Amino acid sequence: MGQSLTSLFIVIQVLKRLGIAFLTLIVVSFAVFFATDMLPGDVAQILLGQAATPEAVAGLREAMGLNEPALQRFFGWLTGLTHGDLGTSYANNMAVAELIDGRLKNSLKLAGVTTAVSVPLSLTLGIAAAMWRNSPFDRAVSIATISVISVPEFMVATLSVLIFAVWLDWLPALSFGADVSSFVDVLRAYAMPVITLSCVICAQMIRMTRAAVIETINTPYVEMALLKGASRWRMVLVHALPNALGPIANAIALSLSYLVGGVIIVETIFNYPGVAKLMVDAVATRDLPLIQSTAMIFCISYLSLITLADVIATLSNPRLR
Amino acid sequence: MKSVLSFFSAFSAPQNTGYSFNLVGRVGLVIILFWMTVAVFGTWLAPYPPGEIVDWDYLGPVTSKFWLGTDYLGRDMFSRILLGARYTVGIALAAVVLACSLGIVLGMIAAVVGGWFDIILSRLLDAFNGIPSLLFGLVVVAGVGSSIPVLILTLTAIYMPGSYRFARALAVNVNTMDFITVARVRGESTPYLIVREIFPNILGPVLADMGLRFVFIVLVLSGLSFLGLGVQPPNADWGALVRENIEGLSFGAPAVVFPSIAIASLTISVNMFIDNLPKKIRDRSE
């Protein structure tokens, strides 16, 4: 009886989280639409150039439906979005979905490879640093992570170019554009952006993991496990780690959400064709449908990661099991 | 484990009242004060006008005439870094003060008033948090055009929600304490509760949070400048100095190295200072 009650409680908690995420998404789409709508500059004027007659500009505004009330355009856009119709780019009349498609795949590929490298690495280092707290190893990890966090990421990127491409000559500095056919080529092409991004997000995750594990190590029940003779490994992995899972999941979600939108500097330096660069270019040309769609991609990925982390935290809480 | 700690702390210096800094914190503070002084008085110390081409060689080495070498046009790097301190430190400081005061005031109001005001504001700012910070800055600056007020306001908008969240979480904890209930029963007004009862009790942690936010703002500002959207030429903050001279990277020109060191020294020293703040300031709420 009690068992089914608690599982019902968990289901309600999870549903509640999903509901909140959905509401937030609607608020976000509202904010994204009106914020981009308020960007200075008249789209019709920009498209037609400086020499356009006022009549031509007015005609284009009419044809693009820009004269309709903003709220009506918002709902039109939102219904299109739910049907997978992202609209048509102002700048080159292509379907936005088509423009985003390839770029999104690139961004997801980069994010996927970086995740596969950095999450296991930072979990291992973070837990190890917490286990041997105040040892030389822990100090070294702490100093390294603080220095990486304190330094702008273009410095991490340029430093890794300097080390791996210029001094050691192991990897190409500008990887994309060249033909990538074999598996080794693909690895080489991804290496520089992945190394840079991993450095940046690992530092955050290691620090958070270490802090979360240390916090649970300090609790009475873990001390009890130690006193009753459990080994150090058992104490950390079996007793402390499951209870630190919630905050760790949160830290990972925050770091990963950075991988979709925050990579703009890495995309610029390594000339990587991803979504973030597409969005910045879209702002330069006042391509509203494209800006709105890319902004929604970032917000959706952030929200789903955060919600997933919250659900994991709820499920991993032993008091609810 | 805790008892062992308190056992050792019993032997620490008796004159320690809980407000003194350890060595690492002091070193951090000295570097911060150094850059603050440079930001204010730096232009008077500069040996050359920062915008003037003084050397026919470009990306030159460190010499007795040009202490930190010359940049890609042959301008004196030492003078330009002194001027850059004014932009980097000044803009970041203005933005962090604006963001944190706004966030703290709203956070305390939300915690005390509660109800719909709290729910709506929190959800709204949470949603805003979902937009990647650097990307938001890029979009605004690319859309509106870059100027120093735009940069300050954009950075404020990026970091206000986080500050709000932090201050609200602290204020919610303080709000449930007995002395607040007593003050309420006494018939004190909401502004009185916020200013006299809650604010003094969250001040320490909030100041520590402000320091970390300052670091993030310096980093985002440098990132924007590195992408060419920050402080515009002929003026340059440290991020822009790195961007200008990036072609000197392959042979390690001092013109790339020193602005990078300047950024790192400022951000690392703030981190050192915050990490070693006396416990009494950091965790006053406990």
# chains A, B, ... in the order shown; residues from 1 in each chain; ligands from 1
>>> interface_residues(of="chain B", to="chain A", cutoff="8 Å", atoms="only C-alpha atoms", output="ChimeraX atom specification")
/B:1-2,123-124,127-128,130-135,138-139,142-144,215,219-220,222-223,226-227,249-250,260,263-264,267-268,271
>>> write_last_selection(atoms="C-alpha atoms", output="PDB file, in the first residue's frame")
ATOM      1  CA  MET B   1      34.935  14.174  10.834  1.00  0.00           C
ATOM      2  CA  LYS B   2      33.434  17.427  12.050  1.00  0.00           C
ATOM      3  CA  ARG B 123       8.904  32.020 -13.635  1.00  0.00           C
ATOM      4  CA  LEU B 124       9.596  34.950 -15.956  1.00  0.00           C
ATOM      5  CA  ALA B 127      12.509  31.526 -18.572  1.00  0.00           C
ATOM      6  CA  PHE B 128      14.889  34.348 -19.357  1.00  0.00           C
ATOM      7  CA  GLY B 130      17.122  29.700 -20.544  1.00  0.00           C
ATOM      8  CA  ILE B 131      18.615  31.915 -23.232  1.00  0.00           C
ATOM      9  CA  PRO B 132      22.389  31.382 -23.521  1.00  0.00           C
ATOM     10  CA  SER B 133      24.069  34.500 -22.129  1.00  0.00           C
ATOM     11  CA  LEU B 134      26.736  35.175 -24.714  1.00  0.00           C
ATOM     12  CA  LEU B 135      24.291  34.553 -27.540  1.00  0.00           C
ATOM     13  CA  LEU B 138      25.510  39.004 -29.357  1.00  0.00           C
ATOM     14  CA  VAL B 139      21.954  39.337 -30.635  1.00  0.00           C
ATOM     15  CA  ALA B 142      24.335  43.107 -33.255  1.00  0.00           C
ATOM     16  CA  GLY B 143      20.759  44.384 -33.391  1.00  0.00           C
ATOM     17  CA  VAL B 144      21.105  47.690 -31.550  1.00  0.00           C
ATOM     18  CA  VAL B 215      34.166  37.467 -12.995  1.00  0.00           C
ATOM     19  CA  LEU B 219      34.553  36.970 -19.269  1.00  0.00           C
ATOM     20  CA  VAL B 220      31.416  37.677 -21.333  1.00  0.00           C
ATOM     21  CA  SER B 222      35.950  39.927 -23.220  1.00  0.00           C
ATOM     22  CA  GLY B 223      34.139  37.343 -25.355  1.00  0.00           C
ATOM     23  CA  PHE B 226      36.894  39.195 -28.996  1.00  0.00           C
ATOM     24  CA  LEU B 227      34.085  38.697 -31.530  1.00  0.00           C
ATOM     25  CA  LEU B 249      49.729  34.344 -31.535  1.00  0.00           C
ATOM     26  CA  SER B 250      51.713  31.921 -33.659  1.00  0.00           C
ATOM     27  CA  SER B 260      45.430  37.711 -21.805  1.00  0.00           C
ATOM     28  CA  ILE B 263      42.273  39.286 -17.915  1.00  0.00           C
ATOM     29  CA  ALA B 264      43.364  36.094 -16.178  1.00  0.00           C
ATOM     30  CA  THR B 267      39.475  37.056 -12.746  1.00  0.00           C
ATOM     31  CA  ILE B 268      41.693  34.635 -10.835  1.00  0.00           C
ATOM     32  CA  ASN B 271      38.120  34.117  -7.336  1.00  0.00           C
TER      33      ASN B 271
END
>>> select_by_dssp(residues="stretch 67-132 of chain B", states="alpha helix (DSSP H)", output="PyMOL selection string")
chain B and resi 77-113+115-129
>>> write_last_selection(atoms="C-alpha atoms", output="CSV table (one decimal), in the first residue's frame")
chain,number,residue,atom,x,y,z
B,77,MET,CA,51.1,48.0,-25.5
B,78,PHE,CA,51.8,49.2,-21.9
B,79,SER,CA,49.8,52.4,-22.5
B,80,ARG,CA,47.0,50.5,-24.2
B,81,ILE,CA,46.7,47.9,-21.4
B,82,LEU,CA,46.5,50.7,-18.9
B,83,LEU,CA,43.7,52.3,-20.9
B,84,GLY,CA,42.0,48.9,-21.5
B,85,ALA,CA,41.8,48.4,-17.7
B,86,ARG,CA,39.5,51.4,-17.6
B,87,TYR,CA,37.1,49.8,-20.1
B,88,THR,CA,37.2,46.3,-18.8
B,89,VAL,CA,37.0,47.1,-15.0
B,90,GLY,CA,34.7,50.1,-15.5
B,91,ILE,CA,32.1,48.4,-17.7
B,92,ALA,CA,32.1,45.2,-15.7
B,93,LEU,CA,31.8,47.1,-12.4
B,94,ALA,CA,28.9,49.2,-13.6
B,95,ALA,CA,27.1,46.2,-14.9
B,96,VAL,CA,27.6,44.1,-11.8
B,97,VAL,CA,26.5,46.9,-9.5
B,98,LEU,CA,23.4,47.5,-11.6
B,99,ALA,CA,22.6,43.7,-12.0
B,100,CYS,CA,23.1,42.9,-8.3
B,101,SER,CA,21.3,45.8,-6.8
B,102,LEU,CA,18.3,45.2,-9.1
B,103,GLY,CA,18.3,41.5,-8.5
B,104,ILE,CA,18.7,41.8,-4.7
B,105,VAL,CA,16.0,44.4,-4.3
B,106,LEU,CA,13.5,42.4,-6.5
B,107,GLY,CA,14.6,39.1,-4.8
B,108,MET,CA,13.9,40.5,-1.3
B,109,ILE,CA,10.6,41.9,-2.3
B,110,ALA,CA,9.5,38.6,-3.9
B,111,ALA,CA,10.6,36.7,-0.8
B,112,VAL,CA,8.7,39.0,1.6
B,113,VAL,CA,5.6,39.7,-0.4
B,115,GLY,CA,2.1,35.2,-3.6
B,116,TRP,CA,1.5,35.9,-7.3
B,117,PHE,CA,4.1,38.6,-7.5
B,118,ASP,CA,6.7,36.0,-6.5
B,119,ILE,CA,5.5,33.2,-8.8
B,120,ILE,CA,5.2,35.4,-11.9
B,121,LEU,CA,8.5,37.1,-11.4
B,122,SER,CA,10.4,33.9,-10.7
B,123,ARG,CA,8.9,32.0,-13.6
B,124,LEU,CA,9.6,34.9,-16.0
B,125,LEU,CA,13.2,35.3,-14.9
B,126,ASP,CA,13.7,31.5,-15.0
B,127,ALA,CA,12.5,31.5,-18.6
B,128,PHE,CA,14.9,34.3,-19.4
B,129,ASN,CA,17.7,32.3,-17.8
>>> residues_around(residues="B:Ser147", least_positions_apart="6", cutoff="8 Å", atoms="only C-alpha atoms", output="list in words")
Gly230, Val231 and Gln232 of chain B
>>> residues_around(residues="A:Arg133", least_positions_apart="3", cutoff="12 Å", atoms="only C-alpha atoms", output="PyMOL selection string")
chain A and resi 125-130+136-142+210-211+213-215+217-218
>>> atom_distance(atom1="atom CA of B:Ala236", atom2="atom CA of B:Lys65")
21.9 Å
>>> residues_around(residues="B:Ala169", least_positions_apart="2", cutoff="10 Å", atoms="only C-alpha atoms", output="PyMOL selection string")
chain B and resi 107-108+110-111+163-167+171-175+202
>>> write_last_selection(atoms="C-alpha atoms", output="short mmCIF file (atom, residue, chain, number, x, y, z; two decimals), in the first residue's frame")
data_model
loop_
_atom_site.label_atom_id
_atom_site.label_comp_id
_atom_site.auth_asym_id
_atom_site.auth_seq_id
_atom_site.Cartn_x
_atom_site.Cartn_y
_atom_site.Cartn_z
CA GLY B 107 14.56 39.10 -4.79
CA MET B 108 13.93 40.46 -1.29
CA ALA B 110 9.54 38.64 -3.90
CA ALA B 111 10.55 36.70 -0.78
CA SER B 163 21.36 37.48 -8.76
CA TYR B 164 17.59 37.63 -8.18
CA ARG B 165 17.43 33.87 -7.72
CA PHE B 166 20.31 33.82 -5.28
CA ALA B 167 19.03 36.74 -3.18
CA ALA B 171 15.78 35.95 1.78
CA VAL B 172 13.18 33.15 1.83
CA ASN B 173 15.29 31.36 4.47
CA VAL B 174 15.67 34.49 6.60
CA ASN B 175 11.98 35.30 6.17
CA ILE B 202 21.88 38.25 3.56
#
>>> residues_around(residues="A:Gln45", least_positions_apart="3", cutoff="12 Å", atoms="only C-alpha atoms", output="CSV table (one decimal) with C-alpha atoms, in the first residue's frame")
chain,number,residue,atom,x,y,z
A,40,PRO,CA,15.2,48.0,-34.5
A,41,GLY,CA,15.1,48.2,-38.3
A,42,ASP,CA,12.2,47.7,-40.7
A,48,LEU,CA,14.7,46.3,-50.5
A,49,GLY,CA,17.7,48.4,-49.7
A,50,GLN,CA,18.2,52.2,-49.4
A,51,ALA,CA,17.0,53.1,-52.9
A,52,ALA,CA,13.5,51.5,-52.5
A,53,THR,CA,10.4,53.8,-53.0
A,54,PRO,CA,8.1,54.1,-50.0
A,55,GLU,CA,5.3,52.4,-52.1
A,56,ALA,CA,7.5,49.4,-52.7
A,57,VAL,CA,8.3,49.1,-49.0
A,58,ALA,CA,4.6,49.4,-48.1
A,59,GLY,CA,3.7,46.8,-50.7
A,60,LEU,CA,6.2,44.4,-49.4
A,61,ARG,CA,5.1,44.9,-45.8
A,66,LEU,CA,3.8,42.7,-41.3
A,90,TYR,CA,13.2,36.6,-45.1
A,285,THR,CA,20.2,40.4,-41.8
A,286,ARG,CA,17.1,40.9,-39.6
>>> closest_residue(among="B:Arg168, B:Met210, B:Gly114, B:Leu153", to="B:Thr190", atoms="only C-alpha atoms")
B:Gly114
>>> residues_around(residues="A:Ala240", least_positions_apart="3", cutoff="7 Å", atoms="only C-alpha atoms", output="list in words")
Val213, Thr216, Ile217, Val222, Met235, Val236, Leu237, Asn243 and Ala244 of chain A
>>> write_last_selection(atoms="C-alpha atoms", output="short mmCIF file (atom, residue, chain, number, x, y, z; two decimals), in the first residue's frame")
data_model
loop_
_atom_site.label_atom_id
_atom_site.label_comp_id
_atom_site.auth_asym_id
_atom_site.auth_seq_id
_atom_site.Cartn_x
_atom_site.Cartn_y
_atom_site.Cartn_z
CA VAL A 213 30.04 14.32 -3.13
CA THR A 216 27.15 13.87 1.27
CA ILE A 217 30.39 12.46 2.71
CA VAL A 222 28.11 8.06 5.48
CA MET A 235 31.53 4.42 1.29
CA VAL A 236 31.77 6.85 -1.63
CA LEU A 237 30.27 4.80 -4.45
CA ASN A 243 22.56 10.85 -2.71
CA ALA A 244 24.72 13.30 -4.62
#
>>> closest_residue(among="A:Ala253, A:Ala44, A:Ala63, A:Val311", to="A:Val119", atoms="only C-alpha atoms")
A:Ala253
>>> atom_distance(atom1="atom CA of B:Val141", atom2="atom CA of A:Leu108")
26.2 Å
>>> atom_distance(atom1="atom CA of A:Leu123", atom2="atom CA of A:Ile201")
11.8 Å
